[in-house]
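Asks: Pasting a structure here, questions to come.
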Amino acid sequence: MRSEPVVPTGSGSAPDLVELARVVAQQRAELDRLREQAATSAVVERAKGAVMALTGCSADAAGETLLQRGKAARRSLLEECWITLGDLTPAGTGTPRPDGEPGSLPETASDLTAAPATPDDVAEALRRLARDLVHVDTHRDLARCLLDHLGPGLDADSVMIYGRRAGGGLELLGHAGIGERLADRWRQVPPFSGVAVLEAMDAGEPRWLEDYAEDSTRYLLIGEPPERWRSRAWLPLPAGDGAEACLGVLRGRPGRFTARDRVHLRGVVRLCAGRMRTFTSLPEPASDAPSDAVQALFAALPVAAMLLTPLRGPSGTVEDFRVDAATARAADLLGGAGGEPAGRRLLELWPDLTDTPVWPGCLDTLSSGSTYESEPFAHQETVDGARALSTYSVRVTRLEDALVVTWTRHASSDRQEQRLAVLQRLGNLGWANWNLATDEASWSSQVFAILDRDPADGPVPLAGLPRLAYSDDRSELSRAVGALIREGQPFDVSFRVRGTRGVRHLRLVAEVVADAHGTPVEVHGIVQDLTARRRAELALVESERAILTQHDVLQSERNLVTRLQNALLPLPERPVGLAELRVEVAYLPSQSGLQVGGDWFSAIELPDGDALFVVGDVAGHGVGAVAAMALLRFTAKGMVITGSSLTGALARLNTLLLHSRDTHGTATMVLARYRRRDRRLLWAQAGHTPPLLARDGEVTFLRRPPGMLLGATATPHFEEAECRLEPGDRVLLYTDGLVERPPEIIDAGLERLARAVAAPPGDRPGRGSLATLLESMLEEERRDDVCVLDIRVPGKSRGAGPSDGTTGERRPT
């Protein structure tokens with residue numbers, strides 16, 4: 001084995017951990033390679049020895065014979081060695097036959113070349129199996145190896161290996177893919193007729209069970225229920241004149257084993273026969289088996305106990321334990337239906353042991369000699385023929401090179417104590433008793449943990465408890481303890497203590513037990529740690545204070561913003577007349593929050609006698625929204641008064657918003673100019689809801705010209721549209737708060753507005769007014785600001801010119 005030298009580091013320098021790890025990995029790989037080579041060489045040397053004994057040839061000639069036979073049969077050298085070992089006569093590697101013929105060696109080269117060819121994929125699978133068999137040491141390992149090998153290619157679900165015992169019966173030597181309960185049920189098979197395993201072994205030929213309906217009438221089928229495996233094969237392992245072992249391959253799916261499958265399985269059996277030469281015979285008593293006196297002692301013990309001997313692998317690590325002696329109760333705990341535990345492997349009796357803390361406890365006890373005691377755990381056992389869960393704990397002690405394992409079953413009172421301990425731990429409380437006659441005290445372990453007191457110091461007397469509390473809490477606790485001792489008055493007192501974990505908030509509840517004369521003689525109490533609860537309460541109080549403070553700040557801001565808004569956006573108390581139009585205005589702030597929104601309007605008469613109407617909505621709430629509203633409102637009026645077109649004003653307002661303090665602010669807007677001389681309404685919009693026109697009982701929404709949201713892009717595009725109004729027409733300009741009701745879409749709100757405007761006036765006074773419209777449109781709690789301009793053209797007069805309605809003409813910017 002090669003190893004690379006490790007250069008020591010200089011003084012004060014850190015070792016190169018990466019280089020060390022690389023060297024260790026190389027050495028481990030080299031060690032694994034040498035172990036593989038040694039195991040393979042052992043198989044080859046054993047097969048060469050068999051050939052030498054049967055033919056009388058030299059070692060080199062025996063090796064050449066194995067190579068030639070393997071080459072002729074398209075087998076690897078390792079495969080040929082396994083087959084050679086498996087084809088030995090029961091007499092072992094006995095004396096060559098007198099006539100010099102090769103005894104029971106495999107077929108001659110000519111016979112092999114005449115045999116059916118093995119498919120390439122099967123040949124490769126058999127080569128892999130031959131390599132894996134080198135690492136198989138037990139029947140159970142062999143079954144697992146075969147299931148891993150046969151599962152993907154043959155859909156094998158389970159593998160069972162049976163051996164013939166004295167008397168003709170069978171014993172399950174190894175299995176994989178089946179549960180322990182089923183294995184125990186079929187571990188012993190009497191020599192009955194109609195058992196496919198026995199027929200295959202007696203005849204020396206496989207039994208292919210491929211038709212479940214027919215096979216179930218001919219054989220006693222293994223399984224619970226038997227239909228779990230719809231097809232199965234039993235193949236005897238060759239052993240001279242008769243088979244002493246049989247391999248079973250069980251599949252959940254029905255169907256025949258193909259010719260390829262049969263070639264594959266026959267090859268598997270021949271390889272396994274050689275490997276099983278070393279362990280097919282049933283276990284014999286070990287030379288270091290316990291004496292009859294030890295076995296008699298364990299048989300007489302009234303407890304559940306076992307004597308275990310470790311079984312080590314090639315590397316020296318403990319892989320399993322052999323049960324050398326066991327009491328009757330231990331046999332019952334480990335599933336007494338499976339037979340006598342003595343002489344068997346522990347993992348065979350307790351398969352899931354390695355998944356429990358008991359396994360590392362056994363290994364630690366074996367290496368260190370310290371006693372291991374497990375925590376109580378649930379174990380399923382058979383009581384009066386029924387399965388039941390019981391609570392046990394395990395104690396493991398070392399006896400020279402062996403282990404003694406004892407089981408303790410916990411009664412209901414033990415379980416109650418365990419539950420009480422769990423309750424105290426989860427509730428962070430504990431019990432305490434004080435005997436007033438003897439001055440003795442007893443505490444549960446949880447009380448010592450709560451008070452941060454070492455149990456070695458013992459409990460504190462009842463009269464000494466106040467000294468543990470904070471100075472501010474001592475007087476109240478002292479009065480409560482005094483009244484309890486003198487007058488027998490129970491108390492429930494909270495106090496604070498200081499420990500290694502800081503300040504703790506505790507609660508003590510106590511009552512007395514009096515004698516026949518009413519004199520207090522004993523005190524029972526409960527100590528509870530309330531620190532986590534008090535911290536949560538304090539955090540909640542602080543949160544409430546913060547919320548109230550924030551509420552006051554927001555309310556003050558709302559009042560300020562409301563006053564600012566009223567100053568910037570005064571509402572007329574009654575309808576006003578502009579350019580021979582009757583205009584009514586409504587502004588309703590949101591009711592769902594403390595912030596004031598940025599909805600606004602403008603309705604003014606221009607110098608030339610026309611009227612300008614504006615409705616807008618700035619995104620957001622608060623001071624920033626009001627400031628942006630004021631900027632847009634006054635700038636828009638100024639631009640139109642000084643001669644800007646509607647689209648030009650929108651373009652400049654977009655630029656102004658982009659370069660304002662809030663570069664992410666956006667707004668929607670409708671600009672409308674009414675020309676009095678021809679009753680034309682010119683309008684443009686920037687991402688706003690369309691105006692509503694009511695005429696002669698019919699309601700329509702004006703077709704919106706193109707226009708983007710203000711502040712959305714540096715290169716917007718706006719267009720104008722116009723509509724000629726007629727006497728009696730009604731136009732509504734509004735913000736989205738009038739029609740939006742989340743989570744419904746805005747189209748539903750627009751339809752609701754159209755129905756409300758088109759509703760007949762009826763007999764109700766004021767029907768058709770703006771106030772009535774708002775009452776029918778708005779919910780009890782407004783979630784957004786609402787701004788509406790209700791524009792009405794005076795009633796029709798005779799001689800009025802014809803109406804051309806909505807023309808839809810647009811003027812580009």
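Convention: chains lettered A, B, ... in structure tokens order; per-chain residue numbering from 1; ligands numbered from 1 as shown.
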Step one, run DSSP on the backbone; step two, keep only residues of segment 400-635 of chain A assigned to helix (DSSP H, G or I); then write them as a ChimeraX atom specification.

Replies: /A:412-427,445-450,455-457,462-468,471-487,531-568,623-635

Asks: Write out, as CSV, each residue of segment 720-753 of chain A that has an atom at most 9 Å from segment 699-713 of chain A, together with the closest pair of atoms and their distance in Å to one decimal, counting only C-alpha atoms, rows going by chain and rising number.

Replies:
residue,atom,partner,partner_atom,distance
A:Glu720,CA,A:Pro705,CA,6.0
A:Ala721,CA,A:Pro705,CA,6.0
A:Cys723,CA,A:Leu702,CA,8.3
A:Leu750,CA,A:Phe701,CA,8.9

Asks: What would the file look like if the residues just selected were written as a CSV table (one decimal), in the first residue's frame with N, CA, C and O atoms?

Replies:
chain,number,residue,atom,x,y,z
A,720,GLU,N,-57.9,65.4,-28.1
A,720,GLU,CA,-59.1,66.0,-27.7
A,720,GLU,C,-60.3,65.4,-28.3
A,720,GLU,O,-60.2,64.8,-29.4
A,721,ALA,N,-61.4,65.4,-27.7
A,721,ALA,CA,-62.7,65.0,-28.3
A,721,ALA,C,-63.7,66.1,-28.0
A,721,ALA,O,-63.5,67.0,-27.1
A,723,CYS,N,-68.1,67.3,-27.9
A,723,CYS,CA,-69.5,66.8,-27.9
A,723,CYS,C,-70.4,68.1,-27.9
A,723,CYS,O,-70.1,69.0,-27.1
A,750,LEU,N,-69.4,51.4,-13.2
A,750,LEU,CA,-69.9,52.3,-14.3
A,750,LEU,C,-71.3,51.9,-14.6
A,750,LEU,O,-72.2,52.8,-14.8

Asks: Neighbouring residues of Met639 of chain A were defined as those with any atom within 12 Å, considering only C-alpha atoms; residues of the same chain fewer than 3 positions away were excluded. Please report them as a PyMOL selection string.

Replies: chain A and resi 606+612+632-636+642-653+671

Asks: As an exercise, work out the distance from atom CA of Arg679 of chain A to atom CA of Glu726 of chain A in Å and give it to one decimal place.

Replies: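 Going from atom CA of Arg679 of chain A over to atom CA of Glu726 of chain A, I get 7.3 Å.
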
Asks: Pick out the residues sitting within 9 Å of segment 126-132 of chain A, and hand them over as a list in words; count only C-alpha atoms, and ignore anything fewer than 6 positions along from it in its own chain.

Replies: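 Using only C-alpha atoms, the neighbours found are Thr40, Arg75, Ser76, Leu78, Glu79, Trp82, Cys145, Leu146, His149, His264, Gly267, Val268, Leu271 and Cys272 of chain A.
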